[in-house]
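This report concerns only the one structure given below.
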Amino acid sequence: MPLLGLMYLIAYIDRQNVSYAKLQMVGDLGLSEAAYGFGASLFFLAYFLFEVPSNVILERVGARVWFTRIMATWGIITILLGFSTGPVMFYVLRFLLGAAEAGFFPGVLYALTLWFPQAYRGRMVGWFMIASAVANAVGAAIGGALLDLDGTMGYRGWQWVFIATGVPAVLLAAVVFLILPDRPEKAPWLDAGQKKWLADTLAREEGGATHTDHGNPFRVLADTRVVLLALLYVAFPLAAYGLSYWLPTVVKGFGVSNTMNGFINIIPWICVALALWWVPRHAARTGETTWHIAGPALVGALGLILSVVLPGDAVKFACLCVAAAGIFSGQPVFWSLPPTFLRGATAAAGIAMINSVGNLGGFIAQNVVPWIGDVSGSKLVPMLFLAACLLVGVVMVFVVQGILKRRTLAEAGGLAPVRR
């Protein structure tokens with residue numbers, strides 16, 4: 001878990017660095033706000049196209065080799081972004097970055113199903129996602145500081161943002177190849193008894209539930225349950241990326257320096273980390289999932305709305321901190337749902353599909369949010385759009401959970417066959 005968390009920390013910094021580079025690069029590359037949003041969003045389009053094939057390959061070749069490839073390529077492309085000479089090169093490299101990283105997050109989610117029984121998965125996903133909060137905090141601190149290196153060795157500050165954040169990914173790729181085991185049976189820190197206990201526990205869970213495992217894993221793309229979860233998940237990345245990409249711009253409006261902007265932006269991610277620790281643990285303790293997904297999302301929506309309605313920069317920022325915690329903290333509980341009815345390569349493909357379709361929310365956020373900002377002339381009015389999307393997601397949580405439970409009961413009672 002610490003290694004996976006470190007990998008995600010670096011991945012998330014490499015996703016979010018563009019939000020700080022934006023403060024300078026839009027002028028240097030001649031980008032409008034809308035053009036920047038389009039370029040940033042191409043990452044998610046590529047992620048959508050390549051995520052399912054990437055996860056199917058990971059299931060076949062193993063996590064060690066495939067995660068090494070993913071990290072090395074995304075690190076190199078991130079460094080190259082620092083040498084963008086115009087809009088076209090920026091667009092191409094952002095698309096390639098999405099293609100390179102596609103499969104990492106859903107790959108980890110699938111790998112966790114091989115290592116942890118169902119009762120532990122929500123908490124493990126929570127610990128894993130805490131790395132994203134740490135990454136945003138670290139990225140916020142170093143993003144502003146790197147911008148202030150403007151002119152050092154002849155490079156602009158935004159170039160340093162990409163170069164300095166891309167190198168760690170390349171270096172960590174070698175570490176991953178050397179020490180990451182593909183499966184528990186290859187883990188040197190587990191003895192034979194522990195490996196047997198884990199294998200027996202996972203086998204018993206699969207034997208006691210109705211799991212779908214298609215001969216052709218791509219058939220899961222037509223599974224109604226997977227499609228519904230994917231549509232539901234759109235609301236979370238849309239709100240998360242809409243907030244995190246534009247939060248530095250909102251804080252910039254407070255009239256602070258680049259470095260101070262970065263340090264101020266640490267605060268929301270501390271709130272996110274605490275919520276990611278508490279919500280999955282509480283869900284595991286109570287055995288309840290629906291409200292542990294919908295409740296935080298509702299809090300997030302209210303926080304976004306209040307950030308527009310209430311006066312005062314400090315109050316608005318506090319509301320955005322609460323909103324960030326709500327947007328992220330229900331997601332680990334959400335990701336505990338797919339493994340309850342999918343397994344094997346089918347689970348890898350299904351999890352990847354849910355994440356790839358959901359991450360189209362990031363594509364939407366990077367295009368619609370700046371457009372709303374340009375039309376309204378406000379940095380905060382777009383938060384109303386994000387809040388509305390979250391509220392739709394809250395309603396869908398109850399609808400989808402009802403369908404999942406009815407389908408599970410029907411299959412368990414022999415009323416509907418499991419397609420294979």
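Identifiers for the structure tokens are assigned positionally: chains receive A, B, ... in sequence, residues are indexed from 1 per chain, and ligands are indexed from 1 in the order shown.
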| field | Shell of 10 Å around region 149-158 of chain A, only C-alpha atoms, local chain residues under 3 positions omitted, as a list in words | value | Asn17, Val18, Ser19, Tyr20, Ala21, Lys22, Leu23, Gln24, Met25, Val26, Asp28, Leu81, Gly82, Phe83, Gly143, Gly144, Ala145, Leu146, Val161, Phe162 and Ile163 of chain A
Would you save the residues from that selection as an mmCIF file, in the first residue's frame, using N, CA and C atoms?
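Resulting contents of result_21.cif:
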data_model
loop_
_atom_site.group_PDB
_atom_site.id
_atom_site.type_symbol
_atom_site.label_atom_id
_atom_site.label_comp_id
_atom_site.auth_asym_id
_atom_site.auth_seq_id
_atom_site.Cartn_x
_atom_site.Cartn_y
_atom_site.Cartn_z
ATOM 1 N N ASN A 17 -0.337 19.265 -12.183
ATOM 2 C CA ASN A 17 0.663 20.315 -12.390
ATOM 3 C C ASN A 17 0.250 21.321 -13.449
ATOM 4 N N VAL A 18 -0.584 20.893 -14.393
ATOM 5 C CA VAL A 18 -0.986 21.799 -15.463
ATOM 6 C C VAL A 18 -1.817 22.963 -14.924
ATOM 7 N N SER A 19 -2.487 22.773 -13.784
ATOM 8 C CA SER A 19 -3.302 23.861 -13.230
ATOM 9 C C SER A 19 -2.438 24.996 -12.707
ATOM 10 N N TYR A 20 -1.212 24.672 -12.273
ATOM 11 C CA TYR A 20 -0.288 25.730 -11.832
ATOM 12 C C TYR A 20 0.501 26.282 -13.008
ATOM 13 N N ALA A 21 0.927 25.395 -13.913
ATOM 14 C CA ALA A 21 1.632 25.862 -15.108
ATOM 15 C C ALA A 21 0.757 26.828 -15.904
ATOM 16 N N LYS A 22 -0.545 26.606 -15.846
ATOM 17 C CA LYS A 22 -1.507 27.438 -16.571
ATOM 18 C C LYS A 22 -1.352 28.919 -16.262
ATOM 19 N N LEU A 23 -1.000 29.244 -15.025
ATOM 20 C CA LEU A 23 -0.942 30.645 -14.618
ATOM 21 C C LEU A 23 0.073 31.439 -15.430
ATOM 22 N N GLN A 24 1.059 30.755 -16.034
ATOM 23 C CA GLN A 24 2.035 31.429 -16.896
ATOM 24 C C GLN A 24 1.941 30.996 -18.359
ATOM 25 N N MET A 25 1.698 29.694 -18.576
ATOM 26 C CA MET A 25 1.839 29.149 -19.924
ATOM 27 C C MET A 25 0.763 29.643 -20.877
ATOM 28 N N VAL A 26 -0.423 30.018 -20.376
ATOM 29 C CA VAL A 26 -1.464 30.498 -21.287
ATOM 30 C C VAL A 26 -0.986 31.735 -22.051
ATOM 31 N N ASP A 28 2.364 32.540 -22.538
ATOM 32 C CA ASP A 28 3.520 32.192 -23.356
ATOM 33 C C ASP A 28 3.144 31.428 -24.619
ATOM 34 N N LEU A 81 6.284 18.015 -21.843
ATOM 35 C CA LEU A 81 5.330 19.127 -21.766
ATOM 36 C C LEU A 81 6.017 20.439 -21.401
ATOM 37 N N GLY A 82 7.115 20.339 -20.666
ATOM 38 C CA GLY A 82 7.861 21.536 -20.293
ATOM 39 C C GLY A 82 8.526 22.216 -21.471
ATOM 40 N N PHE A 83 8.561 21.532 -22.613
ATOM 41 C CA PHE A 83 9.196 22.097 -23.802
ATOM 42 C C PHE A 83 8.173 22.361 -24.910
ATOM 43 N N GLY A 143 4.003 23.572 -6.650
ATOM 44 C CA GLY A 143 3.591 24.187 -7.903
ATOM 45 C C GLY A 143 3.837 25.690 -7.898
ATOM 46 N N GLY A 144 3.401 26.340 -6.834
ATOM 47 C CA GLY A 144 3.631 27.779 -6.734
ATOM 48 C C GLY A 144 5.105 28.118 -6.611
ATOM 49 N N ALA A 145 5.848 27.308 -5.837
ATOM 50 C CA ALA A 145 7.282 27.563 -5.657
ATOM 51 C C ALA A 145 8.037 27.392 -6.970
ATOM 52 N N LEU A 146 7.677 26.363 -7.751
ATOM 53 C CA LEU A 146 8.352 26.142 -9.028
ATOM 54 C C LEU A 146 8.074 27.275 -10.004
ATOM 55 N N VAL A 161 7.755 23.505 -13.674
ATOM 56 C CA VAL A 161 6.672 22.724 -13.087
ATOM 57 C C VAL A 161 6.613 21.338 -13.731
ATOM 58 N N PHE A 162 6.684 21.288 -15.052
ATOM 59 C CA PHE A 162 6.600 20.003 -15.751
ATOM 60 C C PHE A 162 7.876 19.171 -15.596
ATOM 61 N N ILE A 163 9.016 19.801 -15.728
ATOM 62 C CA ILE A 163 10.280 19.056 -15.658
ATOM 63 C C ILE A 163 10.468 18.435 -14.279
#
| field | Contacts of region 192-200 of chain A at 12 Å (only C-alpha atoms; same-chain gap of 3+ positions) as a PyMOL selection string | value | chain A and resi 113-118+183-189+203-207
Filtering to N, CA, C and O atoms, could you give me those residues as a JSON list (two decimals), in the first residue's frame?
[["chain", "number", "residue", "atom", "x", "y", "z"],
["A", 113, "THR", "N", -8.32, -6.16, -5.45],
["A", 113, "THR", "CA", -9.24, -7.29, -5.30],
["A", 113, "THR", "C", -8.48, -8.61, -5.19],
["A", 113, "THR", "O", -9.05, -9.62, -4.72],
["A", 114, "LEU", "N", -7.21, -8.63, -5.61],
["A", 114, "LEU", "CA", -6.39, -9.84, -5.51],
["A", 114, "LEU", "C", -5.68, -9.94, -4.16],
["A", 114, "LEU", "O", -5.17, -11.01, -3.81],
["A", 115, "TRP", "N", -5.66, -8.83, -3.42],
["A", 115, "TRP", "CA", -4.88, -8.77, -2.18],
["A", 115, "TRP", "C", -5.73, -8.67, -0.92],
["A", 115, "TRP", "O", -5.27, -9.04, 0.17],
["A", 116, "PHE", "N", -6.97, -8.14, -1.03],
["A", 116, "PHE", "CA", -7.74, -7.84, 0.17],
["A", 116, "PHE", "C", -9.15, -8.43, 0.08],
["A", 116, "PHE", "O", -9.81, -8.30, -0.95],
["A", 117, "PRO", "N", -9.63, -9.06, 1.15],
["A", 117, "PRO", "CA", -11.04, -9.48, 1.22],
["A", 117, "PRO", "C", -11.97, -8.27, 1.13],
["A", 117, "PRO", "O", -11.56, -7.13, 1.39],
["A", 118, "GLN", "N", -13.23, -8.52, 0.80],
["A", 118, "GLN", "CA", -14.20, -7.47, 0.56],
["A", 118, "GLN", "C", -14.32, -6.49, 1.73],
["A", 118, "GLN", "O", -14.42, -5.27, 1.53],
["A", 183, "ARG", "N", 1.14, -10.67, -7.49],
["A", 183, "ARG", "CA", 0.07, -11.28, -6.71],
["A", 183, "ARG", "C", 0.58, -11.64, -5.32],
["A", 183, "ARG", "O", 1.79, -11.73, -5.10],
["A", 184, "PRO", "N", -0.32, -11.91, -4.37],
["A", 184, "PRO", "CA", 0.10, -12.25, -3.01],
["A", 184, "PRO", "C", 1.02, -13.46, -2.94],
["A", 184, "PRO", "O", 1.91, -13.51, -2.08],
["A", 185, "GLU", "N", 0.82, -14.45, -3.82],
["A", 185, "GLU", "CA", 1.66, -15.64, -3.75],
["A", 185, "GLU", "C", 3.12, -15.36, -4.08],
["A", 185, "GLU", "O", 3.99, -16.19, -3.79],
["A", 186, "LYS", "N", 3.40, -14.19, -4.65],
["A", 186, "LYS", "CA", 4.78, -13.81, -4.96],
["A", 186, "LYS", "C", 5.35, -12.81, -3.94],
["A", 186, "LYS", "O", 6.47, -12.35, -4.10],
["A", 187, "ALA", "N", 4.57, -12.50, -2.90],
["A", 187, "ALA", "CA", 5.00, -11.51, -1.92],
["A", 187, "ALA", "C", 6.01, -12.13, -0.94],
["A", 187, "ALA", "O", 5.66, -13.09, -0.23],
["A", 188, "PRO", "N", 7.22, -11.62, -0.85],
["A", 188, "PRO", "CA", 8.23, -12.21, 0.04],
["A", 188, "PRO", "C", 7.94, -11.99, 1.52],
["A", 188, "PRO", "O", 8.49, -12.69, 2.37],
["A", 189, "TRP", "N", 7.08, -11.03, 1.85],
["A", 189, "TRP", "CA", 6.81, -10.74, 3.27],
["A", 189, "TRP", "C", 5.66, -11.57, 3.84],
["A", 189, "TRP", "O", 5.35, -11.46, 5.02],
["A", 203, "ALA", "N", -11.30, -17.04, -2.11],
["A", 203, "ALA", "CA", -12.06, -18.08, -2.81],
["A", 203, "ALA", "C", -13.42, -18.30, -2.16],
["A", 203, "ALA", "O", -14.43, -18.49, -2.84],
["A", 204, "ARG", "N", -13.46, -18.24, -0.83],
["A", 204, "ARG", "CA", -14.71, -18.42, -0.11],
["A", 204, "ARG", "C", -15.69, -17.28, -0.41],
["A", 204, "ARG", "O", -16.89, -17.49, -0.55],
["A", 205, "GLU", "N", -15.17, -16.05, -0.52],
["A", 205, "GLU", "CA", -16.03, -14.91, -0.85],
["A", 205, "GLU", "C", -16.62, -15.06, -2.24],
["A", 205, "GLU", "O", -17.80, -14.77, -2.47],
["A", 206, "GLU", "N", -15.79, -15.48, -3.19],
["A", 206, "GLU", "CA", -16.29, -15.66, -4.55],
["A", 206, "GLU", "C", -17.30, -16.80, -4.61],
["A", 206, "GLU", "O", -18.29, -16.74, -5.36],
["A", 207, "GLY", "N", -17.05, -17.85, -3.83],
["A", 207, "GLY", "CA", -17.97, -18.99, -3.83],
["A", 207, "GLY", "C", -19.29, -18.69, -3.18],
["A", 207, "GLY", "O", -20.30, -19.31, -3.49]]
| Near-Gly39 (chain A) list (8 Å; only C-alpha atoms; drop same-chain fewer than 3 positions) as a PyMOL selection string | chain A and resi 35-36+42-43+87+90-91+94
Convert the current residue selection to file output with all heavy atoms, as a PDB file, in the first residue's frame.
ATOM      1  N   ALA A  35      -9.237  27.504 -24.700  1.00  0.00           N
ATOM      2  CA  ALA A  35      -8.255  26.668 -25.397  1.00  0.00           C
ATOM      3  C   ALA A  35      -7.424  25.869 -24.394  1.00  0.00           C
ATOM      4  O   ALA A  35      -7.108  24.691 -24.623  1.00  0.00           O
ATOM      5  CB  ALA A  35      -7.345  27.529 -26.259  1.00  0.00           C
ATOM      6  N   TYR A  36      -7.071  26.503 -23.274  1.00  0.00           N
ATOM      7  CA  TYR A  36      -6.355  25.773 -22.224  1.00  0.00           C
ATOM      8  C   TYR A  36      -7.215  24.634 -21.680  1.00  0.00           C
ATOM      9  O   TYR A  36      -6.743  23.510 -21.497  1.00  0.00           O
ATOM     10  CB  TYR A  36      -5.987  26.717 -21.076  1.00  0.00           C
ATOM     11  CG  TYR A  36      -5.753  25.981 -19.779  1.00  0.00           C
ATOM     12  CD1 TYR A  36      -4.560  25.313 -19.540  1.00  0.00           C
ATOM     13  CD2 TYR A  36      -6.753  25.918 -18.804  1.00  0.00           C
ATOM     14  CE1 TYR A  36      -4.358  24.605 -18.358  1.00  0.00           C
ATOM     15  CE2 TYR A  36      -6.569  25.216 -17.625  1.00  0.00           C
ATOM     16  CZ  TYR A  36      -5.363  24.569 -17.406  1.00  0.00           C
ATOM     17  OH  TYR A  36      -5.178  23.866 -16.253  1.00  0.00           O
ATOM     18  N   LEU A  42      -7.958  16.938 -22.989  1.00  0.00           N
ATOM     19  CA  LEU A  42      -7.587  15.863 -23.904  1.00  0.00           C
ATOM     20  C   LEU A  42      -6.993  14.676 -23.159  1.00  0.00           C
ATOM     21  O   LEU A  42      -7.048  13.540 -23.635  1.00  0.00           O
ATOM     22  CB  LEU A  42      -6.591  16.378 -24.950  1.00  0.00           C
ATOM     23  CG  LEU A  42      -7.192  17.287 -26.030  1.00  0.00           C
ATOM     24  CD1 LEU A  42      -6.093  17.851 -26.906  1.00  0.00           C
ATOM     25  CD2 LEU A  42      -8.218  16.544 -26.860  1.00  0.00           C
ATOM     26  N   PHE A  43      -6.429  14.924 -21.988  1.00  0.00           N
ATOM     27  CA  PHE A  43      -5.936  13.852 -21.127  1.00  0.00           C
ATOM     28  C   PHE A  43      -7.050  12.841 -20.858  1.00  0.00           C
ATOM     29  O   PHE A  43      -6.843  11.617 -20.951  1.00  0.00           O
ATOM     30  CB  PHE A  43      -5.433  14.454 -19.813  1.00  0.00           C
ATOM     31  CG  PHE A  43      -5.080  13.443 -18.754  1.00  0.00           C
ATOM     32  CD1 PHE A  43      -3.777  12.987 -18.623  1.00  0.00           C
ATOM     33  CD2 PHE A  43      -6.042  12.953 -17.877  1.00  0.00           C
ATOM     34  CE1 PHE A  43      -3.440  12.054 -17.643  1.00  0.00           C
ATOM     35  CE2 PHE A  43      -5.726  12.031 -16.892  1.00  0.00           C
ATOM     36  CZ  PHE A  43      -4.411  11.581 -16.775  1.00  0.00           C
ATOM     37  N   PRO A  87       0.262  25.757 -28.998  1.00  0.00           N
ATOM     38  CA  PRO A  87      -0.965  25.041 -28.635  1.00  0.00           C
ATOM     39  C   PRO A  87      -1.022  23.614 -29.163  1.00  0.00           C
ATOM     40  O   PRO A  87      -1.429  22.701 -28.451  1.00  0.00           O
ATOM     41  CB  PRO A  87      -2.070  25.910 -29.254  1.00  0.00           C
ATOM     42  CG  PRO A  87      -1.478  27.274 -29.346  1.00  0.00           C
ATOM     43  CD  PRO A  87      -0.030  27.051 -29.640  1.00  0.00           C
ATOM     44  N   PHE A  90       1.112  21.254 -27.166  1.00  0.00           N
ATOM     45  CA  PHE A  90       0.478  21.082 -25.859  1.00  0.00           C
ATOM     46  C   PHE A  90      -0.683  20.105 -25.960  1.00  0.00           C
ATOM     47  O   PHE A  90      -0.826  19.201 -25.135  1.00  0.00           O
ATOM     48  CB  PHE A  90      -0.001  22.439 -25.351  1.00  0.00           C
ATOM     49  CG  PHE A  90      -0.810  22.378 -24.080  1.00  0.00           C
ATOM     50  CD1 PHE A  90      -0.259  21.891 -22.903  1.00  0.00           C
ATOM     51  CD2 PHE A  90      -2.128  22.816 -24.059  1.00  0.00           C
ATOM     52  CE1 PHE A  90      -1.013  21.831 -21.731  1.00  0.00           C
ATOM     53  CE2 PHE A  90      -2.891  22.774 -22.895  1.00  0.00           C
ATOM     54  CZ  PHE A  90      -2.317  22.270 -21.727  1.00  0.00           C
ATOM     55  N   TYR A  91      -1.517  20.245 -26.985  1.00  0.00           N
ATOM     56  CA  TYR A  91      -2.654  19.346 -27.168  1.00  0.00           C
ATOM     57  C   TYR A  91      -2.197  17.900 -27.373  1.00  0.00           C
ATOM     58  O   TYR A  91      -2.730  16.966 -26.769  1.00  0.00           O
ATOM     59  CB  TYR A  91      -3.497  19.773 -28.376  1.00  0.00           C
ATOM     60  CG  TYR A  91      -4.152  21.123 -28.263  1.00  0.00           C
ATOM     61  CD1 TYR A  91      -4.570  21.803 -29.404  1.00  0.00           C
ATOM     62  CD2 TYR A  91      -4.364  21.733 -27.030  1.00  0.00           C
ATOM     63  CE1 TYR A  91      -5.181  23.049 -29.323  1.00  0.00           C
ATOM     64  CE2 TYR A  91      -4.969  22.973 -26.934  1.00  0.00           C
ATOM     65  CZ  TYR A  91      -5.376  23.629 -28.084  1.00  0.00           C
ATOM     66  OH  TYR A  91      -5.982  24.858 -28.006  1.00  0.00           O
ATOM     67  N   ARG A  94      -0.726  16.368 -24.115  1.00  0.00           N
ATOM     68  CA  ARG A  94      -1.753  16.086 -23.110  1.00  0.00           C
ATOM     69  C   ARG A  94      -2.526  14.817 -23.482  1.00  0.00           C
ATOM     70  O   ARG A  94      -2.852  13.992 -22.614  1.00  0.00           O
ATOM     71  CB  ARG A  94      -2.725  17.263 -22.978  1.00  0.00           C
ATOM     72  CG  ARG A  94      -2.201  18.410 -22.151  1.00  0.00           C
ATOM     73  CD  ARG A  94      -2.039  18.060 -20.684  1.00  0.00           C
ATOM     74  NE  ARG A  94      -3.302  17.776 -20.013  1.00  0.00           N
ATOM     75  CZ  ARG A  94      -3.399  17.446 -18.734  1.00  0.00           C
ATOM     76  NH1 ARG A  94      -2.297  17.308 -17.990  1.00  0.00           N
ATOM     77  NH2 ARG A  94      -4.581  17.217 -18.175  1.00  0.00           N
TER      78      ARG A  94
END
| said: What's around region 348-361 of chain A at 7 Å? Count only C-alpha atoms, leave out sequence neighbours fewer than 6 positions away in its own chain, and write the answer as a VMD selection string. | reply: chain A and resid 44 to 45 47 to 48 51 to 52 55 to 56 59 103 106 110 217 to 218 220 to 221 226 229 to 231 233 to 235 237 to 238 338
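Note that the spacing between CA of Val395 (chain A) and CA of Trp277 (chain A) amounts to 24.4 Å.
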